[in-house]
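For reference, work-v4.cif (mmCIF, C-alpha atoms and all ligand atoms):
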data_query
#
loop_
_atom_site.label_atom_id
_atom_site.label_comp_id
_atom_site.auth_asym_id
_atom_site.auth_seq_id
_atom_site.Cartn_x
_atom_site.Cartn_y
_atom_site.Cartn_z
CA MET O 1 9.43 44.46 11.53
CA ASN O 2 7.56 45.83 14.50
CA THR O 3 10.45 46.18 16.98
CA ARG O 4 8.48 44.65 19.84
CA TYR O 5 8.83 41.29 18.07
CA ALA O 6 12.63 41.60 17.89
CA PRO O 7 13.18 39.12 20.80
CA LEU O 8 11.65 36.39 18.62
CA PHE O 9 14.37 36.95 16.03
CA GLU O 10 17.37 36.87 18.35
CA GLY O 11 19.75 34.05 17.45
CA VAL O 12 20.22 31.06 19.72
CA GLN O 13 23.45 29.11 20.20
CA LEU O 14 23.14 25.39 20.85
CA PRO O 15 25.55 23.61 23.24
CA ASN O 16 27.55 22.25 20.26
CA GLY O 17 28.12 25.83 19.02
CA VAL O 18 25.61 25.81 16.17
CA GLU O 19 23.85 29.16 15.71
CA LEU O 20 20.14 29.24 14.95
CA LYS O 21 18.99 32.39 13.20
CA ASN O 22 15.88 32.87 15.34
CA LYS O 23 13.79 31.24 18.06
CA PHE O 24 11.19 29.62 15.80
CA VAL O 25 11.05 25.87 15.31
CA LEU O 26 8.94 24.00 12.76
CA ALA O 27 7.31 21.25 14.86
CA PRO O 28 7.52 17.67 13.68
CA LEU O 29 4.28 17.16 11.76
CA THR O 30 3.15 13.85 10.33
CA HIS O 31 1.82 14.60 6.86
CA VAL O 32 0.77 11.09 5.70
CA SER O 33 2.10 12.13 2.28
CA SER O 34 5.10 9.89 1.52
CA ASN O 35 4.89 7.05 -0.98
CA ASP O 36 3.94 3.63 0.43
CA ASP O 37 7.64 2.69 0.63
CA GLY O 38 8.43 5.84 2.67
CA THR O 39 10.18 7.72 -0.14
CA PRO O 40 9.13 11.37 -0.53
CA THR O 41 6.52 12.55 -2.99
CA ASP O 42 7.05 15.79 -4.94
CA ALA O 43 4.17 17.40 -3.03
CA GLU O 44 5.80 16.46 0.27
CA ILE O 45 9.15 17.99 -0.75
CA GLU O 46 7.47 21.25 -1.74
CA TYR O 47 5.40 21.28 1.46
CA MET O 48 8.54 20.76 3.60
CA ARG O 49 10.38 23.54 1.73
CA LYS O 50 7.55 26.01 2.37
CA ARG O 51 7.10 25.11 6.06
CA SER O 52 10.84 25.39 6.78
CA ASN O 53 11.16 28.82 5.15
CA GLY O 54 11.59 31.33 7.98
CA VAL O 55 12.30 29.21 11.06
CA GLY O 56 15.73 28.68 12.64
CA LEU O 57 15.25 24.96 13.26
CA ALA O 58 12.99 22.70 11.19
CA LEU O 59 11.90 19.18 12.05
CA THR O 60 10.73 16.48 9.69
CA ALA O 61 7.64 14.39 10.31
CA ALA O 62 8.28 11.34 12.49
CA THR O 63 10.44 9.13 10.26
CA ASN O 64 10.45 5.41 10.93
CA VAL O 65 13.64 3.51 11.70
CA THR O 66 12.46 -0.12 11.30
CA ASP O 67 9.79 -1.91 9.31
CA LEU O 68 8.19 -3.07 12.58
CA GLY O 69 7.88 0.51 13.82
CA LYS O 70 5.78 2.05 11.03
CA ALA O 71 2.94 3.93 12.70
CA PHE O 72 1.30 5.97 9.93
CA PRO O 73 0.29 5.53 6.31
CA GLY O 74 2.50 7.71 4.14
CA GLN O 75 5.21 7.84 6.82
CA PRO O 76 8.73 8.79 5.68
CA SER O 77 11.30 5.99 5.99
CA ILE O 78 14.95 5.94 7.02
CA VAL O 79 14.95 2.15 7.43
CA ARG O 80 17.47 1.28 4.72
CA ASP O 81 20.46 2.73 2.90
CA SER O 82 18.42 3.23 -0.25
CA ASP O 83 16.46 5.87 1.73
CA ILE O 84 19.55 8.09 2.02
CA GLU O 85 19.37 9.63 -1.47
CA GLU O 86 15.58 9.94 -1.18
CA GLN O 87 15.64 11.74 2.18
CA ARG O 88 18.40 14.03 0.89
CA LYS O 89 15.65 15.70 -1.18
CA ILE O 90 13.84 16.55 2.08
CA ALA O 91 17.03 17.78 3.79
CA ASP O 92 17.88 20.02 0.83
CA ALA O 93 14.35 21.45 0.69
CA MET O 94 14.34 22.18 4.43
CA LYS O 95 17.76 23.88 4.34
CA ALA O 96 17.04 25.96 1.23
CA ASN O 97 16.25 29.12 3.21
CA GLY O 98 18.69 28.83 6.10
CA ALA O 99 16.89 26.58 8.56
CA LYS O 100 18.81 23.78 10.24
CA ALA O 101 17.15 20.54 9.11
CA ILE O 102 16.51 17.90 11.76
CA MET O 103 15.12 14.44 11.12
CA GLN O 104 12.80 13.16 13.82
CA ILE O 105 13.62 9.45 14.23
CA HIS O 106 10.76 7.28 15.36
CA HIS O 107 9.45 3.79 16.13
CA GLY O 108 5.76 3.27 16.91
CA GLY O 109 6.18 0.31 19.30
CA VAL O 110 2.73 -0.98 20.26
CA GLN O 111 1.25 1.97 18.36
CA ALA O 112 2.71 0.77 15.05
CA LEU O 113 -0.09 -0.11 12.66
CA PRO O 114 -0.38 -3.80 11.73
CA SER O 115 -1.83 -2.61 8.42
CA GLN O 116 1.48 -0.79 7.74
CA THR O 117 4.23 -2.97 9.21
CA ALA O 118 6.05 -5.48 7.02
CA THR O 119 4.90 -8.55 9.01
CA GLY O 120 1.41 -7.33 9.90
CA GLU O 121 2.17 -7.14 13.62
CA SER O 122 3.15 -4.53 16.17
CA ALA O 123 5.28 -4.91 19.29
CA GLY O 124 6.42 -2.87 22.26
CA PRO O 125 7.51 -3.25 25.88
CA SER O 126 4.43 -5.28 26.91
CA ALA O 127 1.49 -6.85 25.11
CA ILE O 128 -1.55 -4.60 24.86
CA THR O 129 -4.73 -4.17 22.84
CA MET O 130 -5.12 -0.63 21.63
CA GLN O 131 -6.43 1.64 18.91
CA SER O 132 -3.92 3.93 17.24
CA PHE O 133 -3.68 6.49 14.43
CA GLY O 134 -6.85 6.37 12.32
CA GLU O 135 -7.68 2.75 13.20
CA PRO O 136 -11.38 1.81 13.09
CA GLU O 137 -10.81 -1.12 15.49
CA PRO O 138 -8.22 -1.86 18.20
CA HIS O 139 -5.26 -4.12 17.35
CA ASP O 140 -3.29 -6.60 19.47
CA ALA O 141 0.37 -5.74 20.02
CA ARG O 142 2.81 -8.31 21.37
CA GLU O 143 5.77 -8.04 23.75
CA ILE O 144 9.00 -7.23 21.94
CA THR O 145 11.81 -9.78 22.50
CA PRO O 146 15.16 -8.84 24.10
CA GLU O 147 16.87 -9.51 20.72
CA GLU O 148 14.43 -7.15 18.99
CA ILE O 149 15.09 -4.51 21.66
CA ASP O 150 18.82 -4.65 20.86
CA GLU O 151 18.03 -4.45 17.13
CA THR O 152 15.73 -1.48 17.68
CA ILE O 153 18.37 0.45 19.61
CA LYS O 154 20.86 -0.24 16.80
CA ALA O 155 18.25 0.85 14.26
CA PHE O 156 18.12 4.32 15.88
CA GLY O 157 21.90 4.47 15.38
CA GLU O 158 21.67 3.32 11.77
CA ALA O 159 18.93 5.87 11.11
CA THR O 160 21.24 8.55 12.52
CA ARG O 161 24.09 7.48 10.24
CA ARG O 162 21.73 7.66 7.26
CA ALA O 163 20.46 11.09 8.33
CA ILE O 164 24.08 12.29 8.46
CA GLU O 165 24.76 10.85 5.02
CA ALA O 166 21.57 12.42 3.67
CA GLY O 167 22.81 15.88 4.69
CA PHE O 168 20.61 16.58 7.71
CA ASP O 169 21.98 18.95 10.35
CA GLY O 170 20.73 16.76 13.17
CA VAL O 171 18.30 14.20 14.51
CA GLU O 172 15.60 14.42 17.14
CA ILE O 173 14.96 11.24 19.13
CA HIS O 174 11.17 10.86 19.32
CA GLY O 175 10.64 9.93 22.95
CA ALA O 176 7.14 11.46 23.13
CA ASN O 177 3.50 10.87 22.25
CA HIS O 178 3.17 7.24 23.41
CA TYR O 179 5.59 5.76 20.89
CA ILE O 180 8.22 3.16 21.71
CA ILE O 181 10.67 5.21 23.79
CA HIS O 182 7.83 6.82 25.72
CA GLN O 183 6.29 3.33 26.17
CA PHE O 184 9.44 1.99 27.83
CA VAL O 185 9.51 4.92 30.29
CA SER O 186 5.79 4.57 31.09
CA PRO O 187 4.54 2.36 33.94
CA TYR O 188 1.29 2.08 31.98
CA PHE O 189 2.90 0.55 28.88
CA ASN O 190 5.98 -1.13 30.40
CA LYS O 191 5.12 -4.05 32.68
CA ARG O 192 8.26 -6.07 31.97
CA THR O 193 10.09 -7.88 34.73
CA ASP O 194 13.48 -8.05 32.95
CA LYS O 195 16.11 -5.29 33.07
CA TRP O 196 14.05 -3.21 30.60
CA GLY O 197 11.20 -3.11 33.13
CA GLU O 198 13.28 -2.87 36.30
CA ASP O 199 14.86 0.31 34.92
CA ARG O 200 12.21 1.97 32.75
CA TYR O 201 14.67 4.70 31.68
CA LEU O 202 17.21 2.19 30.35
CA PHE O 203 15.83 1.89 26.82
CA ALA O 204 15.71 5.68 26.36
CA MET O 205 19.25 6.06 27.67
CA GLU O 206 20.56 3.26 25.43
CA VAL O 207 18.95 4.89 22.40
CA VAL O 208 20.53 8.24 23.31
CA ASP O 209 23.95 6.61 23.78
CA GLU O 210 23.65 4.76 20.47
CA VAL O 211 22.78 7.97 18.64
CA VAL O 212 25.57 9.93 20.37
CA ASN O 213 28.13 7.22 19.54
CA THR O 214 26.97 7.07 15.92
CA VAL O 215 27.43 10.82 15.59
CA LYS O 216 30.92 10.57 17.12
CA GLU O 217 31.81 7.91 14.57
CA HIS O 218 30.11 9.25 11.44
CA GLY O 219 29.22 12.91 12.01
CA ASN O 220 30.78 16.26 12.68
CA PRO O 221 30.82 17.95 16.11
CA ASP O 222 28.20 20.39 14.86
CA PHE O 223 25.63 17.64 14.22
CA ILE O 224 22.61 18.44 16.41
CA ILE O 225 21.01 15.83 18.69
CA GLY O 226 17.67 16.62 20.33
CA TYR O 227 15.24 14.60 22.43
CA ARG O 228 11.45 14.98 22.58
CA PHE O 229 9.36 13.81 25.51
CA SER O 230 5.78 13.99 26.83
CA PRO O 231 5.71 15.14 30.45
CA GLU O 232 2.50 13.44 31.65
CA GLU O 233 0.03 10.83 30.47
CA PRO O 234 -3.60 10.45 31.51
CA GLN O 235 -3.34 6.85 32.75
CA THR O 236 -2.67 5.90 36.37
CA PRO O 237 -0.07 4.64 36.89
CA GLY O 238 1.43 6.51 33.98
CA ILE O 239 4.15 9.04 33.29
CA ASP O 240 3.77 11.87 35.80
CA MET O 241 5.83 14.96 36.53
CA GLU O 242 7.94 13.12 39.10
CA ILE O 243 8.93 10.53 36.47
CA THR O 244 9.63 13.34 34.03
CA GLU O 245 11.80 15.10 36.60
CA THR O 246 13.91 11.93 36.87
CA LEU O 247 14.04 11.54 33.08
CA ILE O 248 15.22 15.12 32.66
CA GLY O 249 17.85 14.61 35.34
CA LYS O 250 19.25 11.78 33.21
CA LEU O 251 18.93 13.55 29.86
CA VAL O 252 20.77 16.70 30.95
CA GLU O 253 23.79 14.51 31.73
CA LYS O 254 23.93 13.45 28.07
CA PRO O 255 25.63 15.46 25.29
CA LEU O 256 22.32 16.62 23.82
CA ASP O 257 21.76 19.98 22.13
CA TYR O 258 18.17 20.56 23.15
CA LEU O 259 15.13 19.05 24.84
CA HIS O 260 11.70 19.41 23.26
CA VAL O 261 8.49 19.02 25.24
CA SER O 262 5.37 17.78 23.48
CA LEU O 263 2.36 19.83 24.62
CA PHE O 264 -0.82 20.95 22.91
CA ASP O 265 -1.06 23.97 25.23
CA ILE O 266 2.14 25.66 26.34
CA HIS O 267 0.39 26.94 29.48
CA SER O 268 -1.06 23.57 30.54
CA THR O 269 -0.64 22.72 34.20
CA THR O 270 0.42 19.55 36.00
CA ARG O 271 -2.41 17.05 36.40
CA ASP O 272 -1.69 15.73 39.91
CA GLY O 273 1.08 14.76 42.33
CA LYS O 274 3.25 17.13 44.28
CA TYR O 275 3.51 19.64 41.41
CA VAL O 276 -0.23 19.78 40.71
CA GLY O 277 -1.46 23.07 39.22
CA ILE O 278 1.94 24.45 38.24
CA GLU O 279 2.62 25.21 34.57
CA ARG O 280 4.55 22.24 33.18
CA ILE O 281 6.76 24.47 31.05
CA GLU O 282 7.89 26.42 34.12
CA LEU O 283 8.87 23.24 35.99
CA LEU O 284 10.66 21.76 32.99
CA HIS O 285 12.67 24.89 32.33
CA LYS O 286 13.67 25.05 35.99
CA TRP O 287 14.75 21.41 36.06
CA ILE O 288 16.84 21.76 32.90
CA GLY O 289 18.49 24.72 34.58
CA GLY O 290 20.02 26.25 31.45
CA ARG O 291 22.12 23.17 30.70
CA MET O 292 20.52 22.91 27.26
CA PRO O 293 17.77 24.84 25.47
CA LEU O 294 14.14 23.82 25.91
CA ILE O 295 11.75 23.97 22.96
CA GLY O 296 8.31 24.94 24.24
CA ILE O 297 5.20 24.48 22.14
CA GLY O 298 1.43 24.39 22.17
CA SER O 299 -1.38 26.51 20.73
CA ILE O 300 0.67 29.50 19.64
CA PHE O 301 -1.42 31.05 16.85
CA THR O 302 -0.52 34.76 17.03
CA PRO O 303 2.74 36.78 17.19
CA ASP O 304 1.69 38.14 20.59
CA GLN O 305 1.25 34.63 21.99
CA ALA O 306 4.71 33.80 20.63
CA LEU O 307 6.19 36.91 22.23
CA GLU O 308 4.51 36.24 25.56
CA ALA O 309 5.86 32.65 25.58
CA VAL O 310 9.42 33.78 24.89
CA GLU O 311 9.25 36.68 27.35
CA SER O 312 7.96 34.36 30.09
CA GLY O 313 11.53 33.08 30.25
CA ASN O 314 10.30 29.47 30.31
CA VAL O 315 11.28 28.60 26.74
CA ASP O 316 14.50 29.07 24.81
CA LEU O 317 13.03 28.08 21.46
CA LEU O 318 9.42 28.10 20.33
CA GLY O 319 7.81 25.30 18.33
CA LEU O 320 4.99 26.01 15.88
CA GLY O 321 2.82 23.24 14.53
CA ARG O 322 -0.68 24.17 13.47
CA ALA O 323 0.25 27.86 13.05
CA LEU O 324 2.69 26.91 10.28
CA LEU O 325 0.22 24.44 8.78
CA LEU O 326 -2.40 27.18 8.50
CA ASP O 327 0.10 29.75 7.23
CA PRO O 328 3.56 28.69 6.03
CA ASP O 329 4.58 32.38 6.12
CA PHE O 330 3.69 32.92 9.78
CA VAL O 331 7.31 33.75 10.68
CA ASN O 332 8.12 35.69 7.49
CA LYS O 333 5.05 37.89 7.90
CA ILE O 334 6.13 38.90 11.42
CA GLU O 335 9.64 39.59 10.17
CA ASP O 336 8.29 41.71 7.29
CA GLY O 337 5.95 43.70 9.55
CA LYS O 338 2.91 42.08 7.91
CA GLU O 339 1.59 40.22 10.95
CA GLU O 340 -1.91 41.54 10.20
CA GLU O 341 -1.92 39.25 7.15
CA ILE O 342 -1.34 36.01 9.08
CA THR O 343 -3.92 33.27 8.49
CA ASN O 344 -4.68 31.44 11.73
CA VAL O 345 -8.03 29.83 10.99
CA PHE O 346 -8.66 26.80 8.78
CA ASP O 347 -10.79 27.72 5.79
CA PRO O 348 -12.12 24.63 3.98
CA GLU O 349 -13.09 26.82 1.01
CA ARG O 350 -9.62 28.20 0.33
CA ALA O 351 -8.57 27.57 -3.26
CA ASP O 352 -4.91 27.02 -2.32
CA LYS O 353 -5.87 24.55 0.45
CA HIS O 354 -3.44 26.35 2.78
CA GLU O 355 -0.65 24.99 0.54
CA LEU O 356 -0.96 21.67 2.38
CA THR O 357 -0.45 18.32 0.73
CA GLU O 358 -3.75 16.77 -0.32
CA PRO O 359 -3.72 14.01 2.38
CA LEU O 360 -2.92 16.50 5.15
CA TRP O 361 -5.56 18.97 3.93
CA GLU O 362 -8.08 16.12 3.96
CA GLN O 363 -7.23 15.33 7.59
CA PHE O 364 -7.87 18.95 8.55
CA TYR O 365 -11.01 19.03 6.44
CA LYS O 366 -12.38 15.95 8.23
CA GLY O 367 -11.51 17.38 11.65
CA PHE O 368 -8.86 14.76 12.49
CA TYR O 369 -6.89 17.45 14.38
CA PRO O 370 -8.39 20.21 16.53
CA VAL O 371 -7.88 23.53 14.79
CA PRO O 372 -9.68 26.91 14.69
CA ARG O 373 -12.07 26.76 11.69
CA LYS O 374 -13.81 29.37 9.60
CA ASP O 375 -16.89 27.19 9.13
CA GLN O 376 -17.56 26.72 12.86
C1 LIG O 401 -0.90 17.28 11.80
C2 LIG O 401 -0.05 17.00 13.00
C3 LIG O 401 0.95 16.03 12.91
C4 LIG O 401 1.80 15.79 13.99
N1 LIG O 401 2.85 14.91 13.87
C5 LIG O 401 3.79 14.80 14.84
C6 LIG O 401 4.98 14.04 14.62
O1 LIG O 401 5.22 13.47 13.57
N2 LIG O 401 5.87 13.98 15.65
C7 LIG O 401 5.66 14.62 16.85
O2 LIG O 401 6.51 14.54 17.74
N3 LIG O 401 4.55 15.37 17.05
C8 LIG O 401 3.63 15.49 16.07
N4 LIG O 401 2.54 16.31 16.26
C9 LIG O 401 2.48 17.19 17.44
C10 LIG O 401 3.11 18.55 17.09
O3 LIG O 401 4.50 18.43 16.88
C11 LIG O 401 2.87 19.60 18.19
O4 LIG O 401 3.42 19.15 19.40
C12 LIG O 401 1.38 19.92 18.40
O5 LIG O 401 0.73 20.13 17.16
C13 LIG O 401 1.20 21.15 19.29
O6 LIG O 401 1.75 22.28 18.67
P1 LIG O 401 0.79 23.41 17.96
O7 LIG O 401 -0.19 23.81 19.00
O8 LIG O 401 1.75 24.49 17.57
O9 LIG O 401 0.13 22.75 16.79
C14 LIG O 401 1.63 16.51 15.21
C15 LIG O 401 0.57 17.44 15.31
C16 LIG O 401 -0.25 17.70 14.22
C17 LIG O 401 -1.32 18.75 14.33
#

Could you write out this structure as structure tokens?
Ligand SMILES: Cc1cc2nc3c(=O)[nH]c(=O)nc-3n(C[C@H](O)[C@H](O)[C@H](O)COP(=O)(O)O)c2cc1C
Amino acid sequence: MNTRYAPLFEGVQLPNGVELKNKFVLAPLTHVSSNDDGTPTDAEIEYMRKRSNGVGLALTAATNVTDLGKAFPGQPSIVRDSDIEEQRKIADAMKANGAKAIMQIHHGGVQALPSQTATGESAGPSAITMQSFGEPEPHDAREITPEEIDETIKAFGEATRRAIEAGFDGVEIHGANHYIIHQFVSPYFNKRTDKWGEDRYLFAMEVVDEVVNTVKEHGNPDFIIGYRFSPEEPQTPGIDMEITETLIGKLVEKPLDYLHVSLFDIHSTTRDGKYVGIERIELLHKWIGGRMPLIGIGSIFTPDQALEAVESGNVDLLGLGRALLLDPDFVNKIEDGKEEEITNVFDPERADKHELTEPLWEQFYKGFYPVPRKDQ
């Protein structure tokens, strides 16, 4: 290895004592490749094994915790006990080369797809008409009832128990990207007048407590619990950096092992408000104040960009999404001193289709996600 990249391969200790072998994290990446019932396909297992090979911490695709929360076709399921043995195949594949395997637990809320949910409806904090993942037309989502809120919180706990039983090393609570936990925090999505609207952080905190208590009851002290959040949303009123500052203040009081920001550009700056123009990652790292590691992420496509992010001192761990989709050996090639051989451009002509699953390759081919392309 070129010694200048050595800082990327320094181990990291999480608050619960678990040692990660390096600073690289496989981002949670929806692959739309599970069977219709959420059980893994052989192609998905192989894809997860390859993408986890090299990183210290590896995250699954968003995995749904209730039938009402399903937000993608081909989404993995941890809804019922029969999923435990199925998801064990994913955990084993992810751990095969020394990564810690984390299941991202998820509920789509108003973004769940009526075409995918068991009852053909979707529900979240408040009724809304919106277009979500791949939908040609908007759908109507209804307000979730207080009883369903309690059931949903419990479902995050049940999903955690199943993840423990399936052999995962941890769970990540998906509080980002406009899904249900994010929706409860957001003044744009949450217009309730009951306790869930009066305290918009309550749902997130109850989910965290449910997961923490489940781990105390069913897991070992080294089971990892992470939380992912989106720091700002475009709507006004919407989540802004002041709301995120409050959220972080609450999260750092919880026995979590890391926080994970969802960004498409690690150097993006705050949109408006009193922190306008400052790099979000810098603010977040300052607010967390070393109480738990922060995973930073967003448009890291080269080893030098990775190094610069880590040396900025604003991230403790570094997430890679599209870089690992384009080249599953991104990390291994740096470690082996072969960084010149990294593929960081999508080539629609490649015979091996970047070793992606067929549905994921098709999404890239059709331009569903922004990515550097050879044919443009
Ligand atoms: C194909 C694809 C699927 C994604 N699926 C998820 C997901 O399931 N859960 C999630 O929290 N973020 C998801 N994201 C966001 C990524 O985790 C990540 O934040 C984003 O891609 C930015 O990182 P990158 O620039 O390294 O790709 C997805 C992104 C892509 C490109």

* To do: Would you list the contacts of Val12 in chain O as a ChimeraX atom specification, taking every protein, DNA or RNA residue within 7 Å and counting only C-alpha atoms, but skipping same-chain residues closer than 3 positions in sequence?
  => /O:19-23

* Can you tell me, as a PyMOL selection string, which residues sit within 6 Å of (5.0, 20.3, 7.8) in the file's frame, using all atoms listed in the file? -> chain O and resi 29+48+51

* Asked: Looking at O:Ile164, O:Arg291, O:Ala6, O:Glu233, which one is nearest to Arg271 in chain O, with distances taken over all atoms listed in the file?
  -> O:Glu233

* Asked: Near Glu242 in chain O, counting all atoms listed in the file, which residues have an atom at most 9 Å away, once you skip same-chain residues fewer than 2 positions from it, shown as a PyMOL selection string?
  -> chain O and resi 239-240+244-247+273-275

* Could the residues that lie within 8 Å of ligand LIG 401 (chain O), counting only C-alpha atoms and all ligand atoms, be listed as number ranges by chain? => O: 27-31, 60-63, 104, 174, 176-177, 228, 261-266, 297-301, 319-325, 360, 363-364, 369-370

* Of the listed residues O:Glu121, O:Glu46, O:Glu165, O:Asp81, that which approaches Gly108 in chain O most closely, counting all atoms listed in the file ->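 Nearest to Gly108 in chain O: O:Glu121.
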
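The spacing separating CA of Met130 in chain O from CA of Glu143 in chain O amounts to 13.3 Å.
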
* To do: Might you pull out every residue within 8 Å of Gly38 in chain O, with all atoms listed in the file counted and same-chain residues fewer than 4 positions away left off, and present them as a VMD selection string?
  => chain O and resid 34 74 to 78

* To do: Determine the nearest neighbour of Val25 in chain O from the options O:Ala351, O:Ile102, O:Asp67, O:Lys50, counting only C-alpha atoms.
  =>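 That would be O:Ile102, the residue with the smallest distance to Val25 in chain O.
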
Near Arg200 in chain O, within 10 Å and counting all atoms listed in the file, which residues show up once chain neighbours fewer than 2 positions away are dropped, as a PDB file with C-alpha atoms, keeping the file's coordinate frame?
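Saved file result22.pdb follows:
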ATOM      1  CA  PRO O 125       7.510  -3.250  25.880  1.00  0.00           C
ATOM      2  CA  ILE O 181      10.670   5.210  23.790  1.00  0.00           C
ATOM      3  CA  HIS O 182       7.830   6.820  25.720  1.00  0.00           C
ATOM      4  CA  GLN O 183       6.290   3.330  26.170  1.00  0.00           C
ATOM      5  CA  PHE O 184       9.440   1.990  27.830  1.00  0.00           C
ATOM      6  CA  VAL O 185       9.510   4.920  30.290  1.00  0.00           C
ATOM      7  CA  SER O 186       5.790   4.570  31.090  1.00  0.00           C
ATOM      8  CA  PRO O 187       4.540   2.360  33.940  1.00  0.00           C
ATOM      9  CA  ASN O 190       5.980  -1.130  30.400  1.00  0.00           C
ATOM     10  CA  LYS O 191       5.120  -4.050  32.680  1.00  0.00           C
ATOM     11  CA  ARG O 192       8.260  -6.070  31.970  1.00  0.00           C
ATOM     12  CA  LYS O 195      16.110  -5.290  33.070  1.00  0.00           C
ATOM     13  CA  TRP O 196      14.050  -3.210  30.600  1.00  0.00           C
ATOM     14  CA  GLY O 197      11.200  -3.110  33.130  1.00  0.00           C
ATOM     15  CA  GLU O 198      13.280  -2.870  36.300  1.00  0.00           C
ATOM     16  CA  LEU O 202      17.210   2.190  30.350  1.00  0.00           C
ATOM     17  CA  PHE O 203      15.830   1.890  26.820  1.00  0.00           C
ATOM     18  CA  ALA O 204      15.710   5.680  26.360  1.00  0.00           C
ATOM     19  CA  MET O 205      19.250   6.060  27.670  1.00  0.00           C
ATOM     20  CA  ILE O 243       8.930  10.530  36.470  1.00  0.00           C
ATOM     21  CA  LEU O 247      14.040  11.540  33.080  1.00  0.00           C
TER      22      LEU O 247
END

* Asked: Separation of CA of Gly120 in chain O and CA of Tyr188 in chain O, in Å?
  ->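 Separating CA of Gly120 in chain O from CA of Tyr188 in chain O is a distance of 24.0 Å.
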
* **Nearest residue to Glu308 in chain O from the set O:His267, O:Trp287, O:Asp272, O:Asn16 (distances using all atoms listed in the file)** => O:His267

* List the neighbours of Glu158 in chain O out to 10 Å using all atoms listed in the file; skip same-chain residues closer than 2 positions along the sequence, and give me the result as a list of chain:residue names. => O:Val65, O:Thr66, O:Ile78, O:Val79, O:Arg80, O:Asp81, O:Thr152, O:Ile153, O:Lys154, O:Ala155, O:Phe156, O:Thr160, O:Arg161, O:Arg162, O:Ala163, O:Ile164, O:Glu210, O:Val211, O:Thr214

* **d(CA of Leu294 in chain O, CA of Ala309 in chain O) in Å** =>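 So the answer is 12.1 Å.
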
* Which one of O:Asn53, O:Met1, O:Ile45, O:Pro328 sits closest to Ala96 in chain O if you count all atoms listed in the file? ->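 When distances to Ala96 in chain O are compared using all atoms listed in the file, the smallest one comes from O:Asn53.
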
* To do: Scan for residues within 10 Å of the point (18.4, 25.8, 29.1) in the coordinates of the file, using only C-alpha atoms, and reply as number ranges by chain.
  => O: 14-15, 252, 257-259, 284-295, 314-317

* Out of O:Leu318, O:Leu8, O:Ala112, O:Val331, which residue has the shortest atom-to-atom distance to Gly134 in chain O when counting all atoms listed in the file? ->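 Ranked by minimum distance to Gly134 in chain O, first place goes to O:Ala112.
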